[in-house]
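Structure file coords_39.txt (compact mmCIF, C-alpha atoms) is printed below.
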# COMPACT_ATOMS: atom_id res chain seq x y z
CA MET A 11 23.08 31.93 -10.80
CA SER A 12 26.48 30.43 -10.09
CA ALA A 13 27.26 26.78 -10.82
CA LEU A 14 27.95 26.18 -7.13
CA LEU A 15 24.51 27.47 -6.15
CA VAL A 16 22.85 25.31 -8.81
CA LYS A 17 24.70 22.22 -7.51
CA ALA A 18 23.71 23.01 -3.93
CA LEU A 19 20.08 23.44 -4.97
CA ALA A 20 20.18 20.14 -6.88
CA ALA A 21 21.62 18.40 -3.81
CA LEU A 22 18.80 19.78 -1.63
CA VAL A 23 16.19 18.57 -4.13
CA ALA A 24 17.80 15.12 -4.22
CA MET A 25 17.86 14.91 -0.41
CA ALA A 26 14.20 15.94 -0.23
CA ALA A 27 13.30 13.21 -2.74
CA VAL A 28 15.15 10.60 -0.68
CA ALA A 29 13.46 11.80 2.52
CA GLU A 30 10.03 11.57 0.92
CA LEU A 31 10.70 8.02 -0.29
CA ALA A 32 12.01 6.98 3.11
CA ALA A 33 8.89 8.40 4.80
CA ALA A 34 6.58 5.96 2.98
CA LYS A 35 5.25 3.19 5.22
CA ASN A 36 4.56 -0.48 4.66
CA TYR A 37 1.58 -2.27 6.17
CA THR A 38 1.03 -6.02 6.21
CA ILE A 39 -2.34 -7.76 6.27
CA GLN A 40 -2.45 -11.47 7.12
CA TRP A 41 -5.20 -12.26 4.60
CA SER A 42 -7.57 -15.01 5.81
CA VAL A 43 -11.25 -15.79 5.92
CA SER A 44 -11.20 -15.49 9.73
CA GLY A 45 -9.72 -11.97 9.63
CA ASN A 46 -11.67 -8.93 10.77
CA TYR A 47 -11.00 -6.18 8.25
CA GLY A 48 -14.10 -4.05 8.79
CA ASP A 49 -12.26 -1.27 10.59
CA TRP A 50 -8.76 -1.78 9.15
CA SER A 51 -8.69 1.52 7.29
CA SER A 52 -9.84 3.54 10.29
CA ASN A 53 -7.12 1.95 12.45
CA ASN A 54 -4.32 2.32 9.87
CA ALA A 55 -3.62 5.76 8.42
CA VAL A 56 -2.43 4.93 4.89
CA SER A 57 -1.06 7.82 2.82
CA VAL A 58 -0.18 8.22 -0.83
CA GLY A 59 3.15 6.45 -1.38
CA ASP A 60 2.50 3.77 1.26
CA THR A 61 2.36 0.07 0.42
CA VAL A 62 0.00 -2.57 1.78
CA VAL A 63 1.20 -6.18 1.48
CA PHE A 64 -1.35 -9.00 1.67
CA THR A 65 0.19 -12.32 2.77
CA TYR A 66 -1.83 -15.51 2.41
CA GLY A 67 -1.92 -19.09 1.17
CA PRO A 68 -4.17 -21.06 -1.17
CA PRO A 69 -7.02 -20.85 -2.02
CA HIS A 70 -7.13 -17.12 -1.24
CA THR A 71 -6.93 -14.33 -3.80
CA VAL A 72 -6.61 -10.58 -3.62
CA ASN A 73 -8.96 -8.98 -6.11
CA GLU A 74 -9.23 -5.22 -6.46
CA LEU A 75 -12.84 -4.28 -7.05
CA PRO A 76 -13.65 -1.17 -9.10
CA SER A 77 -16.39 0.30 -6.91
CA GLU A 78 -17.92 0.38 -3.48
CA ALA A 79 -21.05 -1.24 -4.94
CA ASP A 80 -19.04 -4.23 -6.22
CA TYR A 81 -17.29 -4.40 -2.85
CA LYS A 82 -20.56 -4.45 -0.91
CA ARG A 83 -22.08 -7.07 -3.25
CA CYS A 84 -18.84 -9.14 -3.44
CA SER A 85 -19.11 -8.92 -7.22
CA PHE A 86 -15.93 -9.98 -9.02
CA ASP A 87 -17.26 -9.59 -12.59
CA ASN A 88 -15.28 -6.40 -13.22
CA SER A 89 -12.24 -6.93 -10.98
CA ALA A 90 -9.54 -4.36 -11.72
CA SER A 91 -6.90 -6.95 -10.78
CA SER A 92 -6.59 -10.41 -9.28
CA ASP A 93 -3.64 -12.14 -7.66
CA GLN A 94 -3.16 -15.47 -5.95
CA SER A 95 0.63 -15.40 -5.49
CA GLY A 96 0.45 -15.38 -1.69
CA ASN A 97 2.22 -12.03 -1.43
CA THR A 98 0.36 -9.15 -3.06
CA ALA A 99 1.85 -5.66 -2.66
CA VAL A 100 -0.28 -2.63 -3.45
CA THR A 101 1.27 0.84 -3.48
CA PHE A 102 -1.17 3.72 -3.21
CA ASP A 103 -0.32 6.27 -5.91
CA LYS A 104 -3.21 8.66 -5.31
CA ALA A 105 -5.63 9.64 -2.57
CA GLY A 106 -8.93 7.82 -2.31
CA THR A 107 -10.48 4.49 -1.35
CA ARG A 108 -9.60 1.19 -3.00
CA TYR A 109 -11.52 -2.04 -2.44
CA PHE A 110 -10.04 -5.54 -2.07
CA ALA A 111 -11.69 -8.92 -1.52
CA CYS A 112 -11.04 -12.66 -1.73
CA ALA A 113 -12.85 -14.41 -4.59
CA ALA A 114 -12.43 -17.95 -3.17
CA GLY A 115 -15.75 -19.57 -2.33
CA SER A 116 -17.85 -17.38 -0.06
CA HIS A 117 -14.84 -15.76 1.65
CA CYS A 118 -15.84 -12.23 0.64
CA SER A 119 -19.37 -12.56 2.03
CA GLN A 120 -17.82 -14.00 5.22
CA GLY A 121 -15.83 -10.78 5.66
CA GLN A 122 -12.55 -11.34 3.79
CA LYS A 123 -12.62 -7.90 2.22
CA VAL A 124 -11.14 -4.54 3.06
CA ALA A 125 -11.67 -0.94 1.94
CA ILE A 126 -8.43 1.03 2.26
CA THR A 127 -8.46 4.81 2.10
CA ALA A 128 -5.20 6.61 1.30
CA ALA A 129 -4.87 10.23 2.36
CA ALA A 130 -3.03 12.86 0.35
CA PRO A 131 0.52 13.48 1.55
CA GLY A 132 0.59 15.81 4.53
CA ALA A 133 -3.20 15.59 4.99
CA SER A 134 -2.85 14.46 8.61
CA PRO A 135 -0.18 12.92 10.78
CA ALA A 136 -0.27 9.15 10.37
CA PRO A 137 0.00 6.91 13.42
CA LYS A 138 2.61 4.17 13.46
CA PRO A 139 1.44 1.28 11.25
CA LYS A 140 -0.19 -1.59 13.09
CA GLU A 141 1.25 -4.90 12.05
CA ASN A 142 -0.58 -8.19 12.25
CA SER A 143 2.32 -10.49 11.45
CA ALA A 144 5.81 -11.15 12.75
CA ALA A 145 7.18 -10.91 9.21
CA ALA A 146 5.68 -7.46 8.76
CA SER A 147 8.54 -5.56 10.32
CA MET A 148 11.04 -7.39 8.09
CA ALA A 149 8.93 -6.64 5.00
CA GLY A 150 8.78 -2.99 6.07
CA ALA A 151 12.55 -2.81 6.44
CA VAL A 152 13.11 -4.39 3.03
CA GLY A 153 10.61 -2.02 1.41
CA LEU A 154 12.28 0.98 3.03
CA ALA A 155 15.72 -0.20 1.85
CA VAL A 156 14.46 -0.55 -1.73
CA LYS A 157 12.83 2.89 -1.68
CA LEU A 158 15.94 4.45 -0.17
CA ALA A 159 18.17 2.82 -2.78
CA LEU A 160 15.89 4.06 -5.56
CA GLY A 161 15.87 7.55 -4.07
CA LEU A 162 19.65 7.60 -3.79
CA GLY A 163 19.90 6.48 -7.41
CA VAL A 164 17.62 9.27 -8.54
CA GLY A 165 19.45 11.79 -6.36
CA GLY A 166 22.81 10.61 -7.70
CA ALA A 167 21.59 10.92 -11.28
CA VAL A 168 20.44 14.49 -10.62
CA LEU A 169 23.81 15.38 -9.09
CA ALA A 170 25.72 13.68 -11.91
CA ALA A 171 23.91 15.90 -14.42
CA PHE A 172 25.78 18.85 -12.96
Would you mind writing the file's structure down as structure tokens?
Amino acid sequence: MSALLVKALAALVAMAAVAELAAAKNYTIQWSVSGNYGDWSSNNAVSVGDTVVFTYGPPHTVNELPSEADYKRCSFDNSASSDQSGNTAVTFDKAGTRYFACAAGSHCSQGQKVAITAAAPGASPAPKPKENSAAASMAGAVGLAVKLALGLGVGGAVLAAF
């Protein structure tokens, strides 16, 4: 195989990597006790590689619960993670359902919880993300810019190797 062909192949691989990164979507959830998250996952087609950003203020938390049973019971004893920063970003790295809830007071039992199912890449065409905040589109643009920059860096490193 000629060096020119190898370089062209490497460039195609780098461009495909950048395109895949750019295709990832960002979703924003305004996290509050008065939110209705029961059908969020069915209305938002999250795929592997997508990021969901929870935005909220005190006293709310975003706890990831390890199982559907813990989610249904609002049991935080075995939380996989907990954050109260006000801006929690979760990137879905594999297909499946993940469970999130607020541990403040009785917020979870009042409905401040969401089950988010991420589909495998290419599993089905995803509709345009529904945003529930004015800042969501800005957060999506920033996330896309970061992913694109990372993809270009990876692509450039691959090309530099040749």
Please identify all polymer residues within 6 Å of Ala128 in chain A, counting all atoms listed in the file, omitting same-chain residues fewer than 6 positions from it, and present them as a ChimeraX atom specification.
/A:56-58,105-106
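From CA of Pro76 in chain A back to CA of Phe64 in chain A, the distance works out to 18.1 Å.
For Phe86 in chain A, the list of residues within 9 Å, based on only C-alpha atoms and with local chain neighbours fewer than 2 positions off taken out, reads Asn73, Glu74, Leu75, Asp80, Tyr81, Arg83, Cys84, Asn88, Ser89, Ala90, Ala111 and Ala113 of chain A.
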Skipping near chain neighbours, those fewer than 6 positions away, what residues fall within 7 Å of Gln94 in chain A using only C-alpha atoms, listed as a PyMOL selection string?
chain A and resi 70-72
Using only C-alpha atoms for the distances, tell me which of A:Thr98, A:Lys104, A:Gln122, A:Ala79 is nearest to Ser42 in chain A.
A:Gln122
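Reported to one decimal place, the separation of CA of Arg108 in chain A from CA of Lys123 in chain A is 10.9 Å.
The smallest atom-to-atom distance between His117 in chain A and any of A:Pro69, A:Gly59, A:Gly96, A:Pro131, using only C-alpha atoms, is found for A:Pro69.
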